[in-house]
Structure formats: structure tokens, C-alpha cells
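Structure file upload_15.csv (CSV, C-alpha atoms and all ligand atoms) follows.
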```
chain,number,residue,atom,x,y,z
A,4,MET,CA,-191.6,-35.2,-117.2
A,5,THR,CA,-194.0,-37.8,-116.0
A,6,SER,CA,-196.0,-39.5,-118.7
A,7,ILE,CA,-199.6,-39.9,-117.5
A,8,ILE,CA,-201.2,-42.5,-119.7
A,9,ALA,CA,-204.9,-43.3,-119.7
A,10,LEU,CA,-205.8,-46.7,-121.0
A,11,PHE,CA,-209.2,-46.0,-122.3
A,12,ASN,CA,-211.9,-47.6,-124.5
A,13,GLN,CA,-215.5,-47.3,-123.6
A,14,SER,CA,-216.0,-50.9,-124.9
A,15,GLY,CA,-215.8,-53.5,-122.1
A,16,GLY,CA,-213.4,-56.4,-121.9
A,17,VAL,CA,-210.9,-55.3,-124.5
A,18,GLY,CA,-207.9,-55.9,-122.2
A,19,LYS,CA,-207.4,-52.5,-120.6
A,20,SER,CA,-206.7,-53.7,-117.1
A,21,THR,CA,-204.5,-56.6,-118.3
A,22,LEU,CA,-202.5,-54.2,-120.4
A,23,THR,CA,-202.2,-51.6,-117.6
A,24,MET,CA,-200.6,-54.2,-115.3
A,25,ASN,CA,-198.4,-55.8,-118.0
A,26,LEU,CA,-197.2,-52.6,-119.6
A,27,GLY,CA,-196.5,-51.1,-116.1
A,28,TYR,CA,-194.4,-54.2,-115.4
A,29,SER,CA,-192.5,-53.9,-118.6
A,30,LEU,CA,-191.8,-50.2,-117.9
A,31,MET,CA,-190.6,-51.1,-114.4
A,32,LYS,CA,-188.2,-53.6,-115.8
A,33,LYS,CA,-186.8,-50.8,-117.9
A,34,LYS,CA,-185.9,-49.0,-114.7
A,35,LYS,CA,-188.9,-46.6,-114.7
A,36,LYS,CA,-190.8,-45.7,-111.6
A,37,VAL,CA,-194.4,-46.7,-112.2
A,38,LEU,CA,-197.7,-45.9,-110.4
A,39,LEU,CA,-200.9,-47.7,-111.5
A,40,LEU,CA,-204.2,-46.0,-110.8
A,41,ASP,CA,-207.4,-48.1,-110.8
A,42,LEU,CA,-210.3,-45.8,-111.8
A,43,ASP,CA,-212.8,-48.6,-112.3
A,44,PRO,CA,-215.3,-49.5,-109.6
A,45,GLN,CA,-215.1,-53.2,-110.9
A,46,ALA,CA,-211.5,-53.0,-109.5
A,47,SER,CA,-210.1,-55.6,-111.9
A,48,LEU,CA,-206.6,-54.0,-111.8
A,49,THR,CA,-206.7,-54.0,-108.0
A,50,THR,CA,-207.6,-57.7,-108.0
A,51,PHE,CA,-205.1,-58.6,-110.7
A,52,MET,CA,-202.4,-57.0,-108.6
A,53,GLY,CA,-203.3,-59.3,-105.7
A,54,ILE,CA,-205.3,-56.9,-103.5
A,55,GLU,CA,-208.8,-57.9,-102.3
A,56,PRO,CA,-210.9,-54.8,-103.1
A,57,TYR,CA,-213.7,-55.4,-100.5
A,58,ASP,CA,-211.4,-55.2,-97.5
A,59,LEU,CA,-210.0,-51.8,-98.4
A,60,GLU,CA,-210.5,-48.9,-96.1
A,61,LYS,CA,-209.1,-46.3,-98.5
A,62,THR,CA,-209.3,-46.2,-102.3
A,63,ILE,CA,-209.1,-43.7,-105.1
A,64,TYR,CA,-212.7,-42.8,-104.1
A,65,ASN,CA,-211.4,-41.0,-100.9
A,66,THR,CA,-209.0,-39.0,-103.1
A,67,ILE,CA,-211.5,-37.9,-105.7
A,68,ILE,CA,-214.4,-37.2,-103.3
A,69,ASP,CA,-212.8,-36.3,-100.0
A,70,GLU,CA,-209.6,-34.8,-101.5
A,71,GLU,CA,-207.4,-37.1,-99.4
A,72,ASP,CA,-203.9,-38.1,-100.3
A,73,LEU,CA,-203.5,-41.0,-102.7
A,74,PRO,CA,-203.7,-44.3,-100.8
A,75,ILE,CA,-200.6,-45.8,-102.4
A,76,HIS,CA,-199.9,-49.6,-101.9
A,77,ARG,CA,-196.2,-49.8,-102.5
A,78,GLN,CA,-194.0,-52.2,-104.4
A,79,ILE,CA,-196.4,-54.8,-105.7
A,80,HIS,CA,-194.3,-56.5,-108.4
A,81,LEU,CA,-192.1,-53.4,-107.9
A,82,MET,CA,-194.8,-51.1,-109.0
A,83,ASP,CA,-197.0,-48.8,-106.8
A,84,LEU,CA,-200.8,-49.1,-107.0
A,85,VAL,CA,-203.8,-46.9,-106.0
A,86,PRO,CA,-206.6,-49.3,-105.7
A,87,SER,CA,-210.3,-49.0,-106.3
A,88,ASN,CA,-213.4,-50.8,-105.1
A,89,ILE,CA,-217.2,-50.7,-105.6
A,90,ASN,CA,-217.5,-47.5,-103.5
A,91,LEU,CA,-216.1,-45.7,-106.5
A,92,SER,CA,-219.4,-46.3,-108.4
A,93,GLY,CA,-220.9,-43.7,-106.0
A,94,ALA,CA,-218.5,-41.1,-107.2
A,95,GLU,CA,-220.2,-40.9,-110.6
A,96,ILE,CA,-223.3,-39.4,-108.9
A,97,GLU,CA,-221.4,-37.4,-106.2
A,98,LEU,CA,-219.3,-35.7,-108.8
A,99,VAL,CA,-222.3,-34.4,-110.7
A,100,SER,CA,-222.6,-31.4,-108.6
A,101,ALA,CA,-219.0,-31.1,-107.5
A,102,LEU,CA,-217.1,-27.9,-108.2
A,103,MET,CA,-214.3,-28.1,-110.7
A,104,ARG,CA,-215.0,-31.9,-110.9
A,105,GLU,CA,-213.1,-32.4,-114.2
A,106,LEU,CA,-209.9,-31.5,-112.4
A,107,ARG,CA,-210.3,-33.7,-109.3
A,108,LEU,CA,-207.9,-36.4,-110.4
A,109,LYS,CA,-205.4,-34.1,-112.1
A,110,GLU,CA,-205.0,-32.1,-109.0
A,111,ALA,CA,-204.8,-35.1,-106.8
A,112,ILE,CA,-201.9,-36.6,-108.7
A,113,ASP,CA,-200.0,-33.3,-109.3
A,114,PRO,CA,-198.0,-33.6,-105.9
A,115,TYR,CA,-196.8,-37.1,-106.9
A,116,LEU,CA,-195.4,-36.3,-110.3
A,117,SER,CA,-191.8,-35.9,-109.2
A,118,LYS,CA,-191.8,-39.5,-107.8
A,119,TYR,CA,-192.8,-41.3,-110.9
A,120,ASP,CA,-191.7,-41.6,-114.6
A,121,PHE,CA,-195.1,-43.2,-115.6
A,122,ILE,CA,-198.6,-43.1,-114.2
A,123,LEU,CA,-200.9,-45.5,-115.9
A,124,ILE,CA,-204.6,-45.0,-115.4
A,125,ASP,CA,-207.0,-48.0,-115.9
A,126,CYS,CA,-210.3,-46.4,-117.0
A,127,PRO,CA,-213.7,-48.0,-116.6
A,128,PRO,CA,-215.5,-49.2,-119.8
A,129,SER,CA,-217.8,-46.1,-120.1
A,130,LEU,CA,-217.8,-42.5,-121.2
A,131,GLY,CA,-218.9,-41.3,-117.8
A,132,ILE,CA,-217.3,-38.9,-115.4
A,133,LEU,CA,-214.6,-41.3,-114.1
A,134,SER,CA,-213.3,-41.7,-117.7
A,135,ILE,CA,-213.5,-38.0,-118.3
A,136,ILE,CA,-211.5,-37.1,-115.1
A,137,SER,CA,-208.9,-39.7,-116.2
A,138,LEU,CA,-208.6,-38.2,-119.7
A,139,VAL,CA,-208.3,-34.7,-118.2
A,140,ALA,CA,-205.5,-35.8,-115.9
A,141,ALA,CA,-203.7,-37.7,-118.7
A,142,THR,CA,-200.9,-36.4,-120.9
A,143,HIS,CA,-201.5,-39.4,-123.3
A,144,LEU,CA,-204.2,-41.7,-124.3
A,145,LEU,CA,-203.5,-45.4,-125.1
A,146,VAL,CA,-206.4,-47.2,-126.7
A,147,PRO,CA,-206.6,-51.0,-126.6
A,148,ILE,CA,-208.9,-52.2,-129.4
A,149,GLN,CA,-210.2,-55.5,-130.4
A,150,CYS,CA,-210.0,-56.5,-134.0
A,151,GLN,CA,-213.7,-57.1,-134.4
A,152,PHE,CA,-216.1,-55.1,-136.5
A,153,LYS,CA,-218.2,-54.1,-133.5
A,154,ALA,CA,-215.2,-52.8,-131.5
A,155,PHE,CA,-214.0,-50.9,-134.5
A,156,GLN,CA,-217.3,-49.1,-134.9
A,157,GLY,CA,-217.1,-47.8,-131.4
A,158,THR,CA,-213.9,-45.8,-132.2
A,159,ASP,CA,-215.9,-43.0,-133.7
A,160,LEU,CA,-217.5,-42.3,-130.4
A,161,LEU,CA,-214.1,-42.5,-128.7
A,162,LEU,CA,-212.5,-40.1,-131.1
A,163,ASN,CA,-215.4,-37.6,-130.7
A,164,THR,CA,-215.0,-37.7,-127.0
A,165,VAL,CA,-211.2,-37.0,-127.3
A,166,ALA,CA,-211.8,-34.2,-129.8
A,167,ARG,CA,-214.3,-32.6,-127.3
A,168,LEU,CA,-211.8,-32.8,-124.4
A,169,ARG,CA,-209.0,-31.4,-126.5
A,170,LYS,CA,-211.2,-28.4,-127.4
A,171,SER,CA,-212.1,-27.7,-123.8
A,172,VAL,CA,-210.4,-29.1,-120.6
A,173,ASN,CA,-207.3,-30.9,-121.9
A,174,LYS,CA,-205.8,-29.2,-125.0
A,175,ASN,CA,-202.6,-31.1,-124.7
A,176,LEU,CA,-204.0,-34.6,-124.6
A,177,ALA,CA,-201.9,-36.6,-127.1
A,178,PHE,CA,-202.4,-40.1,-128.5
A,179,ALA,CA,-199.8,-42.7,-127.3
A,180,GLY,CA,-201.3,-45.1,-129.8
A,181,PHE,CA,-203.7,-47.9,-130.5
A,182,ILE,CA,-203.0,-51.5,-129.3
A,183,PRO,CA,-204.9,-54.2,-131.1
A,184,THR,CA,-205.7,-56.8,-128.5
A,185,MET,CA,-206.7,-60.5,-128.2
A,186,TYR,CA,-205.8,-60.8,-131.8
A,187,ASP,CA,-206.2,-64.1,-133.6
A,188,GLY,CA,-204.7,-63.6,-137.1
A,189,ARG,CA,-206.0,-67.0,-138.2
A,190,THR,CA,-209.5,-65.7,-138.5
A,191,ALA,CA,-210.2,-63.9,-141.7
A,192,GLN,CA,-212.5,-61.3,-140.1
A,193,GLU,CA,-209.9,-60.3,-137.4
A,194,SER,CA,-207.1,-59.9,-139.9
A,195,ARG,CA,-209.4,-57.9,-142.2
A,196,THR,CA,-210.4,-55.7,-139.3
A,197,TYR,CA,-206.7,-55.3,-138.2
A,198,GLU,CA,-205.9,-54.1,-141.8
A,199,ALA,CA,-208.8,-51.6,-141.6
A,200,ILE,CA,-207.6,-50.4,-138.2
A,201,LYS,CA,-204.1,-49.8,-139.5
A,202,GLU,CA,-205.4,-48.0,-142.6
A,203,GLN,CA,-207.9,-45.7,-140.7
A,204,LEU,CA,-206.2,-45.1,-137.4
A,205,SER,CA,-202.5,-44.9,-138.2
A,206,PRO,CA,-202.9,-41.3,-139.6
A,207,LEU,CA,-203.9,-40.4,-136.0
A,208,ALA,CA,-201.3,-42.3,-134.0
A,209,THR,CA,-199.1,-45.4,-133.9
A,210,VAL,CA,-201.0,-48.7,-134.3
A,211,PHE,CA,-198.8,-51.1,-132.4
A,212,GLU,CA,-198.2,-54.7,-133.2
A,213,PRO,CA,-201.2,-56.8,-132.0
A,214,ILE,CA,-201.2,-58.6,-128.7
A,215,PRO,CA,-202.1,-62.2,-129.5
A,216,ARG,CA,-205.2,-63.8,-128.0
A,217,SER,CA,-203.8,-66.3,-125.4
A,218,ILE,CA,-205.2,-68.0,-122.4
A,219,ALA,CA,-201.8,-67.4,-120.7
A,220,PHE,CA,-203.0,-63.8,-119.9
A,221,ALA,CA,-205.9,-65.1,-117.9
A,222,ASP,CA,-203.8,-67.8,-116.3
A,223,ALA,CA,-201.2,-65.1,-115.2
A,224,THR,CA,-203.9,-62.8,-113.7
A,225,GLU,CA,-205.4,-65.8,-111.9
A,226,LYS,CA,-202.0,-66.2,-110.3
A,227,ARG,CA,-202.0,-62.4,-109.7
A,228,VAL,CA,-198.7,-61.9,-111.6
A,229,PRO,CA,-197.7,-60.2,-114.8
A,230,LEU,CA,-197.4,-62.4,-117.9
A,231,ALA,CA,-193.6,-61.8,-117.9
A,232,VAL,CA,-193.3,-63.4,-114.5
A,233,TYR,CA,-195.7,-66.2,-115.2
A,234,LYS,CA,-194.3,-67.1,-118.7
A,235,PRO,CA,-191.2,-65.0,-119.4
A,236,LYS,CA,-190.7,-66.6,-122.9
A,237,HIS,CA,-194.3,-66.0,-124.0
A,238,PRO,CA,-194.3,-64.2,-127.4
A,239,ALA,CA,-196.6,-61.5,-126.1
A,240,VAL,CA,-193.9,-60.5,-123.6
A,241,LYS,CA,-191.7,-59.3,-126.4
A,242,ILE,CA,-194.5,-57.3,-127.9
A,243,LEU,CA,-195.3,-55.7,-124.5
A,244,ASN,CA,-191.6,-54.8,-124.2
A,245,GLN,CA,-191.6,-53.2,-127.7
A,246,ILE,CA,-194.7,-51.1,-126.8
A,247,SER,CA,-193.2,-49.9,-123.5
A,248,GLN,CA,-190.0,-49.0,-125.4
A,249,GLN,CA,-192.1,-46.7,-127.6
A,250,LEU,CA,-193.9,-45.3,-124.5
A,251,ILE,CA,-190.5,-44.3,-123.1
A,252,LYS,CA,-189.9,-42.2,-126.2
A,253,LEU,CA,-193.1,-40.2,-125.9
B,1,LIG,N1,-204.5,-61.0,-125.0
B,1,LIG,C1,-205.4,-61.7,-124.4
B,1,LIG,N2,-205.8,-62.9,-124.8
B,1,LIG,C2,-206.7,-63.6,-124.1
B,1,LIG,N3,-207.4,-63.1,-123.1
B,1,LIG,C3,-207.1,-61.9,-122.6
B,1,LIG,C4,-206.1,-61.1,-123.2
B,1,LIG,N4,-206.0,-59.9,-122.6
B,1,LIG,C5,-206.9,-60.0,-121.6
B,1,LIG,N5,-207.6,-61.2,-121.6
B,1,LIG,C6,-208.7,-61.6,-120.7
B,1,LIG,O1,-209.9,-61.0,-121.1
B,1,LIG,C7,-210.6,-60.6,-120.0
B,1,LIG,C8,-210.9,-59.1,-120.0
B,1,LIG,O2,-209.6,-58.5,-119.8
B,1,LIG,P1,-209.5,-57.1,-119.0
B,1,LIG,O3,-210.2,-57.2,-117.7
B,1,LIG,O4,-208.1,-56.7,-119.0
B,1,LIG,O5,-210.3,-56.1,-120.0
B,1,LIG,P2,-210.9,-54.7,-119.7
B,1,LIG,O6,-210.9,-53.9,-121.0
B,1,LIG,O7,-210.1,-54.1,-118.6
B,1,LIG,O8,-212.4,-55.0,-119.2
B,1,LIG,P3,-213.4,-54.0,-118.6
B,1,LIG,O9,-213.9,-53.2,-119.7
B,1,LIG,O10,-214.4,-54.8,-117.9
B,1,LIG,O11,-212.7,-53.1,-117.6
B,1,LIG,C9,-209.9,-61.1,-118.8
B,1,LIG,O12,-210.4,-62.3,-118.4
B,1,LIG,C10,-208.4,-61.2,-119.3
B,1,LIG,O13,-207.7,-62.3,-118.5
B,2,MG,MG,-210.8,-53.2,-116.8
```
Turn the structure described in the file into C-alpha cells.
Amino acid sequence: MTSIIALFNQSGGVGKSTLTMNLGYSLMKKKKKVLLLDLDPQASLTTFMGIEPYDLEKTIYNTIIDEEDLPIHRQIHLMDLVPSNINLSGAEIELVSALMRELRLKEAIDPYLSKYDFILIDCPPSLGILSIISLVAATHLLVPIQCQFKAFQGTDLLLNTVARLRKSVNKNLAFAGFIPTMYDGRTAQESRTYEAIKEQLSPLATVFEPIPRSIAFADATEKRVPLAVYKPKHPAVKILNQISQQLIKL
């Protein structure tokens, strides 16, 4: 069965897009067939994967709104990608009145399930309809979370949204886990928050080992490559591989 994993947190800049690309790459290295879906009008994932969003004729927008086939760009770092661009911001409004709108993404990816072991969805930083259709399409939810007090506070809102979806449109949505990101264990506040995250969230799902804060992530994306290609020996690569190993066991 295909694991469809939504990387979601309504907080901005927590590392969702970076993780989507790097976990996808790690899964690919473990011989899994991986499709990445960019559901964010900002198109960070599309850019990180080396595709210029503005030039694109077809994006995930055409699939969600016009019910066209997925415009798949094949074999970028040996992964497949469905890109996004700014047109997708219009979908938020256009979907307001659409029939069965919650199912738009789920139904669009159904025909592709036999081709992939993993579909990773990079959600936008909002609780709007694009995140909702992603969470309805997903089998699992993976939550990147920063070890800062403000970020931690936002998890209540996130958990409420998930609870609502589980009661209505996606009863089977499961947690794949929480990934503390951009972690700097030398600062007292971050290590305190990390302890609090473990204590409060581990009853719900796995809290993975933190991804360290490192400029190498930004350097790798600037070069449009996964960290494991840019710096194979970087300590975060080992952590990414451990997380992807757990994802395979879902
Ligand atoms: N572990 C890390 N250490 C340091 N910087 C990181 C790390 N992970 C990601 N970054 C950088 O932080 C910035 C935000 O990352 P990213 O775009 O992946 O977050 P996001 O959650 O997808 O953001 P948005 O909410 O805007 O979609 C990027 O510049 C990225 O290179
Ligand atoms: Mg992003």
C-alpha cells in the first residue's frame, strides 16, 4: 500500500519543504518509488527541486481545479515531482463553491497509487483549503515542529484540526510522527521546549530525533540538491535516514 504522507504545520518556515525533499530522497535511496506533491503556492519545493515555477504551463492547480492528470516531472534526483506555482493561490477561492472539494486531491492521486511506494505532500503554512485537501488525501501526517515556545503553542490548533478531520472526512488519518527541526541544543530554551514536546506529544505519536539547525540545509537548497548529495557525511543525513526507515515501517 502507498503511504501518502502530508508534511503539515500551519506555522511558516519550520522546514516542511526542506524535509519533504530530503526525506523523499532518503526513501528513494532505500529503493522506494517516491512522488513529491507541492501544494504550496509559494512553490518552495518546486524551486528546491530545481524547477522554475513561473515558467510552468501545468501545475497541481490544473489537477485540482480542472481535474486534469497530474503534471508529473520525472526523475529529478530520481524522484518524481508535481510542481506548483502562484496560480495555486487562486484555488483557495475557486474551491469555496466546488462540489466535493475536500476530495479533489484524493481522487486525483488515486489512479497513481500503484506506481509509488510513497507520496509526500508539502502543505502550505495555513489551515486553509489547500491544507485540508492534503490532509484528506493523506494516510499519514508528519509534523515538523520548531523547538520554540511560540511554535509549540500552535500545536493545539493543529491537533484540533486533525481531530475534526478524523471525525468527518478522513477517519483513517494516522500520525507518522513529529520531527523537531532546526534544533540548537546549546540554547537552554530550545532544549527545554524539546523536552516539553517529547513529554506532551509522544503519547500521540513518535517524536523523532531532532534535525539540527545547520546552514548546510540552505546551502544545499541553493544548489538545488538534497543535503545527502551536497554533504553526504553531514550528521543530519543519518537522522533523515533513521526517520525514513521508520516511515517504511508505517
Ligand atoms: N535544519 C535546518 N537548519 C537550518 N536552516 C534550515 C533547516 N531546515 C530548513 N532550513 C531553512 O529554513 C528556511 C525555511 O525552510 P522551509 O522552506 O523548508 O520551511 P517551510 O516550513 O516549508 O516554510 P513555509 O511555511 O514558508 O512553507 C529555508 O531557508 C531553509 O533552507
Ligand atoms: Mg514550505
Smallest atom-to-atom distance to Asn173 of chain A: which of A:Leu106, A:Ala219, A:Leu145, A:Ala94, using only C-alpha atoms?
A:Leu106
Could you list, as JSON, numbers by chain, every residue within 8 Å of Ala140 of chain A, counting all atoms listed in the file and ignoring same-chain residues fewer than 3 positions away?
{"A": [7, 106, 108, 109, 110, 136, 137, 173]}
Can you tell me which residues surround segment 59-70 of chain A at a distance of at most 6 Å, considering all atoms listed in the file, apart from same-chain residues fewer than 5 positions away, and format the answer as a VMD selection string?
chain A and resid 86 to 87 91 107
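Using all atoms listed in the file, we find that the residues with an atom at most 7 Å from any atom of ligand LIG 1 (chain B) are Ser14, Gly15, Gly16, Val17, Gly18, Lys19, Ser20, Thr21, Leu22, Asp43, Ser47, Pro127, Pro128, Thr184, Met185, Tyr186, Ile214, Pro215, Arg216, Ser217, Ile218, Phe220, Ala221 and Thr224 of chain A.
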From the list A:Cys126, A:Ile89, A:Ile182, A:Leu81, which residue is nearest ligand MG 2 (chain B) when using all atoms listed in the file?
A:Cys126
